[in-house]
Every structure is written in C-alpha cells, then in structure tokens.
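Novice: Just so it is clear, I am handing over work_12.pdb, which has PDB, C-alpha atoms, pLDDT in the B column.
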ATOM      1  CA  MET A  10     -76.711 -64.204 -33.703  1.00 66.00           C
ATOM      2  CA  ASP A  11     -74.063 -65.749 -31.499  1.00 88.00           C
ATOM      3  CA  THR A  12     -73.472 -64.035 -28.148  1.00 91.00           C
ATOM      4  CA  LYS A  13     -71.300 -64.495 -25.084  1.00 93.00           C
ATOM      5  CA  THR A  14     -72.576 -63.755 -21.592  1.00 93.00           C
ATOM      6  CA  VAL A  15     -70.214 -61.494 -19.667  1.00 95.00           C
ATOM      7  CA  GLN A  16     -70.644 -60.416 -16.034  1.00 94.00           C
ATOM      8  CA  PHE A  17     -70.005 -56.793 -15.091  1.00 94.00           C
ATOM      9  CA  SER A  18     -70.128 -54.869 -11.828  1.00 92.00           C
ATOM     10  CA  ILE A  19     -72.330 -51.775 -11.567  1.00 91.00           C
ATOM     11  CA  SER A  20     -69.304 -49.478 -11.852  1.00 91.00           C
ATOM     12  CA  GLU A  21     -68.176 -51.340 -14.982  1.00 92.00           C
ATOM     13  CA  LEU A  22     -71.675 -50.892 -16.447  1.00 92.00           C
ATOM     14  CA  LEU A  23     -71.431 -47.154 -15.747  1.00 90.00           C
ATOM     15  CA  LEU A  24     -68.192 -47.027 -17.726  1.00 90.00           C
ATOM     16  CA  LEU A  25     -69.696 -49.033 -20.605  1.00 90.00           C
ATOM     17  CA  GLU A  26     -72.669 -46.660 -20.645  1.00 89.00           C
ATOM     18  CA  ARG A  27     -70.377 -43.629 -20.727  1.00 86.00           C
ATOM     19  CA  VAL A  28     -68.546 -44.755 -23.876  1.00 83.00           C
ATOM     20  CA  ILE A  29     -71.653 -45.563 -25.939  1.00 83.00           C
ATOM     21  CA  SER A  30     -72.289 -42.531 -28.104  1.00 76.00           C
ATOM     22  CA  TYR A  31     -72.848 -41.621 -31.720  1.00 67.00           C
ATOM     23  CA  ASN A  32     -69.187 -40.573 -31.790  1.00 69.00           C
ATOM     24  CA  ALA A  33     -68.098 -44.178 -31.179  1.00 68.00           C
ATOM     25  CA  PRO A  34     -65.951 -45.690 -33.937  1.00 67.00           C
ATOM     26  CA  ARG A  35     -68.015 -47.272 -36.678  1.00 70.00           C
ATOM     27  CA  ILE A  36     -65.286 -49.339 -38.306  1.00 71.00           C
ATOM     28  CA  VAL A  37     -63.622 -51.810 -35.960  1.00 72.00           C
ATOM     29  CA  LEU A  38     -61.021 -54.486 -36.702  1.00 69.00           C
ATOM     30  CA  GLY A  39     -62.432 -57.388 -38.650  1.00 68.00           C
ATOM     31  CA  VAL A  40     -66.140 -56.930 -37.863  1.00 75.00           C
ATOM     32  CA  PRO A  41     -68.962 -55.436 -39.930  1.00 79.00           C
ATOM     33  CA  PRO A  42     -69.452 -51.664 -39.531  1.00 81.00           C
ATOM     34  CA  ILE A  43     -71.306 -50.560 -36.387  1.00 79.00           C
ATOM     35  CA  THR A  44     -74.669 -48.990 -37.168  1.00 83.00           C
ATOM     36  CA  ASP A  45     -76.880 -46.553 -35.271  1.00 84.00           C
ATOM     37  CA  ASP A  46     -79.156 -49.519 -34.509  1.00 87.00           C
ATOM     38  CA  ASP A  47     -76.208 -51.394 -32.958  1.00 85.00           C
ATOM     39  CA  LEU A  48     -75.450 -48.428 -30.686  1.00 86.00           C
ATOM     40  CA  VAL A  49     -79.105 -48.022 -29.670  1.00 88.00           C
ATOM     41  CA  LYS A  50     -79.359 -51.763 -28.896  1.00 90.00           C
ATOM     42  CA  MET A  51     -76.212 -51.626 -26.737  1.00 89.00           C
ATOM     43  CA  ALA A  52     -77.371 -48.480 -24.920  1.00 89.00           C
ATOM     44  CA  LEU A  53     -80.768 -50.050 -24.177  1.00 92.00           C
ATOM     45  CA  GLN A  54     -79.183 -53.297 -22.991  1.00 92.00           C
ATOM     46  CA  ILE A  55     -76.817 -51.432 -20.655  1.00 92.00           C
ATOM     47  CA  GLY A  56     -79.638 -49.151 -19.467  1.00 91.00           C
ATOM     48  CA  HIS A  57     -81.836 -52.156 -18.679  1.00 93.00           C
ATOM     49  CA  ALA A  58     -78.960 -53.791 -16.796  1.00 92.00           C
ATOM     50  CA  LEU A  59     -78.360 -50.622 -14.751  1.00 91.00           C
ATOM     51  CA  VAL A  60     -82.042 -50.252 -13.859  1.00 92.00           C
ATOM     52  CA  SER A  61     -82.367 -53.881 -12.766  1.00 90.00           C
ATOM     53  CA  ALA A  62     -78.940 -54.170 -11.077  1.00 88.00           C
ATOM     54  CA  LYS A  63     -78.679 -55.024  -7.408  1.00 86.00           C
ATOM     55  CA  GLU A  64     -75.832 -53.589  -5.362  1.00 83.00           C
ATOM     56  CA  ASP A  65     -72.726 -55.773  -5.126  1.00 83.00           C
ATOM     57  CA  GLU A  66     -74.102 -58.385  -7.530  1.00 89.00           C
ATOM     58  CA  PRO A  67     -72.635 -58.849 -11.009  1.00 92.00           C
ATOM     59  CA  VAL A  68     -74.914 -58.145 -13.958  1.00 92.00           C
ATOM     60  CA  GLU A  69     -74.840 -60.272 -17.092  1.00 93.00           C
ATOM     61  CA  LEU A  70     -74.799 -58.775 -20.577  1.00 94.00           C
ATOM     62  CA  CYS A  71     -75.085 -60.833 -23.741  1.00 93.00           C
ATOM     63  CA  LEU A  72     -72.530 -59.381 -26.132  1.00 93.00           C
ATOM     64  CA  THR A  73     -71.970 -60.125 -29.793  1.00 91.00           C
ATOM     65  CA  HIS A  74     -68.528 -60.337 -31.344  1.00 89.00           C
ATOM     66  CA  LYS A  75     -69.103 -56.843 -32.760  1.00 87.00           C
ATOM     67  CA  ASP A  76     -70.141 -55.475 -29.325  1.00 89.00           C
ATOM     68  CA  CYS A  77     -66.967 -56.848 -27.746  1.00 90.00           C
ATOM     69  CA  TRP A  78     -64.765 -55.262 -30.404  1.00 88.00           C
ATOM     70  CA  LEU A  79     -66.524 -51.895 -30.136  1.00 86.00           C
ATOM     71  CA  PHE A  80     -66.074 -51.764 -26.366  1.00 90.00           C
ATOM     72  CA  ARG A  81     -62.481 -52.933 -26.774  1.00 89.00           C
ATOM     73  CA  GLU A  82     -61.838 -49.963 -29.078  1.00 85.00           C
ATOM     74  CA  VAL A  83     -63.420 -47.249 -26.910  1.00 86.00           C
ATOM     75  CA  ILE A  84     -62.328 -48.311 -23.409  1.00 90.00           C
ATOM     76  CA  SER A  85     -58.812 -47.750 -22.129  1.00 90.00           C
ATOM     77  CA  ILE A  86     -57.290 -49.976 -19.472  1.00 92.00           C
ATOM     78  CA  PHE A  87     -56.785 -46.777 -17.464  1.00 93.00           C
ATOM     79  CA  ASP A  88     -60.482 -45.724 -17.513  1.00 91.00           C
ATOM     80  CA  ARG A  89     -62.128 -45.550 -14.116  1.00 90.00           C
ATOM     81  CA  VAL A  90     -65.427 -44.420 -12.663  1.00 88.00           C
ATOM     82  CA  GLY A  91     -65.083 -41.424 -10.371  1.00 86.00           C
ATOM     83  CA  LYS A  92     -62.183 -41.771  -7.966  1.00 86.00           C
ATOM     84  CA  SER A  93     -62.244 -45.544  -7.694  1.00 82.00           C
ATOM     85  CA  GLU A  94     -59.012 -47.210  -6.623  1.00 84.00           C
ATOM     86  CA  VAL A  95     -59.143 -49.869  -9.313  1.00 83.00           C
ATOM     87  CA  ALA A  96     -59.318 -48.952 -12.993  1.00 89.00           C
ATOM     88  CA  GLU A  97     -62.530 -50.591 -14.213  1.00 92.00           C
ATOM     89  CA  GLY A  98     -61.216 -50.255 -17.767  1.00 93.00           C
ATOM     90  CA  TYR A  99     -58.622 -52.948 -17.079  1.00 94.00           C
ATOM     91  CA  SER A 100     -61.139 -55.454 -15.702  1.00 94.00           C
ATOM     92  CA  ILE A 101     -63.546 -54.732 -18.571  1.00 95.00           C
ATOM     93  CA  LYS A 102     -60.812 -55.241 -21.171  1.00 94.00           C
ATOM     94  CA  THR A 103     -59.818 -58.613 -19.682  1.00 94.00           C
ATOM     95  CA  LYS A 104     -63.461 -59.751 -19.822  1.00 95.00           C
ATOM     96  CA  LEU A 105     -63.822 -58.495 -23.394  1.00 94.00           C
ATOM     97  CA  TYR A 106     -60.645 -60.235 -24.538  1.00 92.00           C
ATOM     98  CA  ALA A 107     -61.809 -63.494 -22.950  1.00 92.00           C
ATOM     99  CA  ALA A 108     -65.089 -63.246 -24.895  1.00 93.00           C
ATOM    100  CA  ILE A 109     -63.332 -62.263 -28.147  1.00 90.00           C
ATOM    101  CA  LEU A 110     -60.965 -65.210 -27.811  1.00 89.00           C
ATOM    102  CA  GLU A 111     -63.938 -67.536 -27.235  1.00 89.00           C
ATOM    103  CA  PHE A 112     -65.602 -66.204 -30.406  1.00 86.00           C
ATOM    104  CA  ASP A 113     -62.388 -66.653 -32.375  1.00 79.00           C
ATOM    105  CA  LEU A 114     -61.744 -70.112 -30.953  1.00 78.00           C
ATOM    106  CA  ALA A 115     -65.257 -71.209 -31.907  1.00 67.00           C
ATOM    107  CA  ALA A 116     -64.749 -69.857 -35.433  1.00 66.00           C
ATOM    108  CA  HIS A 117     -61.422 -71.630 -35.968  1.00 64.00           C
ATOM    109  CA  VAL A 118     -61.657 -74.826 -33.919  1.00 62.00           C
ATOM    110  CA  SER A 119     -62.457 -76.979 -36.972  1.00 64.00           C
ATOM    111  CA  ASP A 120     -59.546 -75.473 -38.926  1.00 61.00           C
ATOM    112  CA  VAL A 121     -56.968 -75.937 -36.201  1.00 55.00           C
ATOM    113  CA  PRO A 122     -57.775 -79.057 -34.143  1.00 54.00           C
ATOM    114  CA  GLN A 123     -55.119 -78.380 -31.488  1.00 56.00           C
ATOM    115  CA  LEU A 124     -57.118 -75.301 -30.409  1.00 49.00           C
ATOM    116  CA  GLY A 125     -60.011 -77.536 -29.410  1.00 50.00           C
ATOM    117  CA  PHE A 126     -60.241 -79.996 -26.591  1.00 53.00           C
ATOM    118  CA  PRO A 127     -57.361 -82.464 -26.603  1.00 55.00           C
ATOM    119  CA  GLU A 128     -58.248 -85.904 -27.813  1.00 54.00           C
ATOM    120  CA  ALA A 129     -58.142 -88.639 -25.223  1.00 52.00           C
ATOM    121  CA  GLN A 130     -55.146 -90.878 -25.636  1.00 55.00           C
ATOM    122  CA  GLU A 131     -54.739 -94.359 -24.240  1.00 60.00           C
ATOM    123  CA  VAL A 132     -51.852 -94.623 -21.842  1.00 58.00           C
ATOM    124  CA  ILE A 133     -49.961 -97.949 -21.733  1.00 66.00           C
ATOM    125  CA  TYR A 134     -47.788 -98.524 -18.715  1.00 61.00           C
ATOM    126  CA  ALA A 135     -44.711-100.712 -18.953  1.00 63.00           C
ATOM    127  CA  SER A 136     -44.624-103.672 -16.581  1.00 60.00           C
ATOM    128  CA  LYS A 137     -41.761-104.018 -14.167  1.00 60.00           C
ATOM    129  CA  SER A 138     -38.982-106.196 -15.531  1.00 58.00           C
ATOM    130  CA  ASP A 139     -38.054-107.608 -12.148  1.00 58.00           C
ATOM    131  CA  ASP A 140     -41.407-109.384 -11.611  1.00 55.00           C
ATOM    132  CA  ALA A 141     -40.968-112.986 -10.451  1.00 57.00           C
ATOM    133  CA  SER A 142     -43.640-114.327 -12.772  1.00 52.00           C
TER     134      SER A 142
END
Show the structure stored in the file as structure tokens.
Specialist:
Amino acid sequence: MDTKTVQFSISELLLLERVISYNAPRIVLGVPPITDDDLVKMALQIGHALVSAKEDEPVELCLTHKDCWLFREVISIFDRVGKSEVAEGYSIKTKLYAAILEFDLAAHVSDVPQLGFPEAQEVIYASKSDDAS
C-alpha cells in the first residue's frame, strides 16, 4: 500500500490522537470506506509515535491516502491543543493537503503530462548580427 511520510510535532500528534474514535466518519470523499481495523491501525501508529517522541523533534507518520482523507475530514483548521497560540489544526491540514496532492499527482501524472516534471528543452540562442566575421 502506498504511503506518504508526514512529519508532525508532539502537539499535532495529540490532536490527531484526539480525533481518532469509533465515531469518526466512515465514508470519506473518493476513498474506500474506513473500517474498524483502519481506525485501530491509525490509533496504534499515533500511540507508538507519542510514546517514542522526543521533545521538540518532529515525528514521522506513514499515512495512506485514506488516512489523509480521514484526518482531513475530522480536523478543523481552528482545532488547537490546550491554550496554544497557534491552531495546530491549520498546520495539520496543510500537511495533509500536501500529501493528498502528492497522491493525486502520482495517480494522474501519466494522464496529464504537464503535471509531471517539465521536459528538458534545447535552447538555441541567436547570434549577434553585428559580428565582424
């Protein structure tokens, strides 16, 4: 299964952990339904990351396309942990959208070539017309 590695701060992980529950939406835009096993896997992955996290160091999670969409659905850009000054929900959403766009780009790059890397083009420079030769 294809995954994207996304880095989260400890406070972002706490917010991700808070939204994982059996009440989470099971049908999310354009991805297969989310199962109990999916939720358990995500909860265990986040729990492992929290237990092994070191203060002030980002923690990497490997998220599937489905994981990204689930978190996108349940987190608001205004969500925050405690009384933090910055809304962690906003930073999480930007990371999730970056991963979702990477998944979508990978899925459609062969269909729409201009979404991929630009092809190298040879550049020909004109010579000066006032050369004495």
Novice: Give me the residues of range 13-56 of chain A that have any atom at most 9 Å from an atom of range 96-102 of chain A; for each, the nearest atom pair and the distance in Å, rounded to one decimal. Use all atoms listed in the file, sort by chain and number, and format it as a Markdown table.
Specialist:
| residue | atom | partner | partner_atom | distance |
| --- | --- | --- | --- | --- |
| A:Phe17 | CA | A:Ile101 | CA | 7.6 |
| A:Ser20 | CA | A:Glu97 | CA | 7.3 |
| A:Glu21 | CA | A:Glu97 | CA | 5.7 |
| A:Leu24 | CA | A:Glu97 | CA | 7.6 |
| A:Leu25 | CA | A:Ile101 | CA | 8.6 |
Novice: Any idea what the distance is between CA of Ala58 in chain A and CA of Ile86 in chain A?
Specialist: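 Taking CA of Ala58 in chain A and CA of Ile86 in chain A, their separation equals 22.2 Å.
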Novice: Hey, what comes out of the PyMOL selection byres ((chain A and resi 50) around 12) on this file? Could you write it as JSON, numbers by chain?
Specialist: {"A": [26, 29, 30, 43, 44, 45, 46, 47, 48, 49, 51, 52, 53, 54, 55, 56, 57, 70, 71, 72, 73, 76]}
Novice: With only C-alpha atoms as the atoms that count, which of A:Cys77, A:Val28, A:Val83, A:Val37 lies nearest to Asp113 in chain A?
Specialist: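 Using only C-alpha atoms, the shortest distance to Asp113 in chain A belongs to A:Cys77.
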Novice: What gap, in Å, lies between CA of Ile84 in chain A and CA of Val40 in chain A?
Specialist: 17.3 Å
Novice: Would you work out the distance separating CA of Ala108 in chain A from CA of Glu69 in chain A, expressed in Å to one decimal?
Specialist: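 Calculated distance between CA of Ala108 in chain A and CA of Glu69 in chain A is 12.8 Å.
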Novice: Given all atoms listed in the file as the basis, pick out the residue of A:Val15, A:Leu110, A:Val90, A:Val95 nearest to Val68 in chain A.
Specialist: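 Using all atoms listed in the file, the shortest distance to Val68 in chain A belongs to A:Val15.
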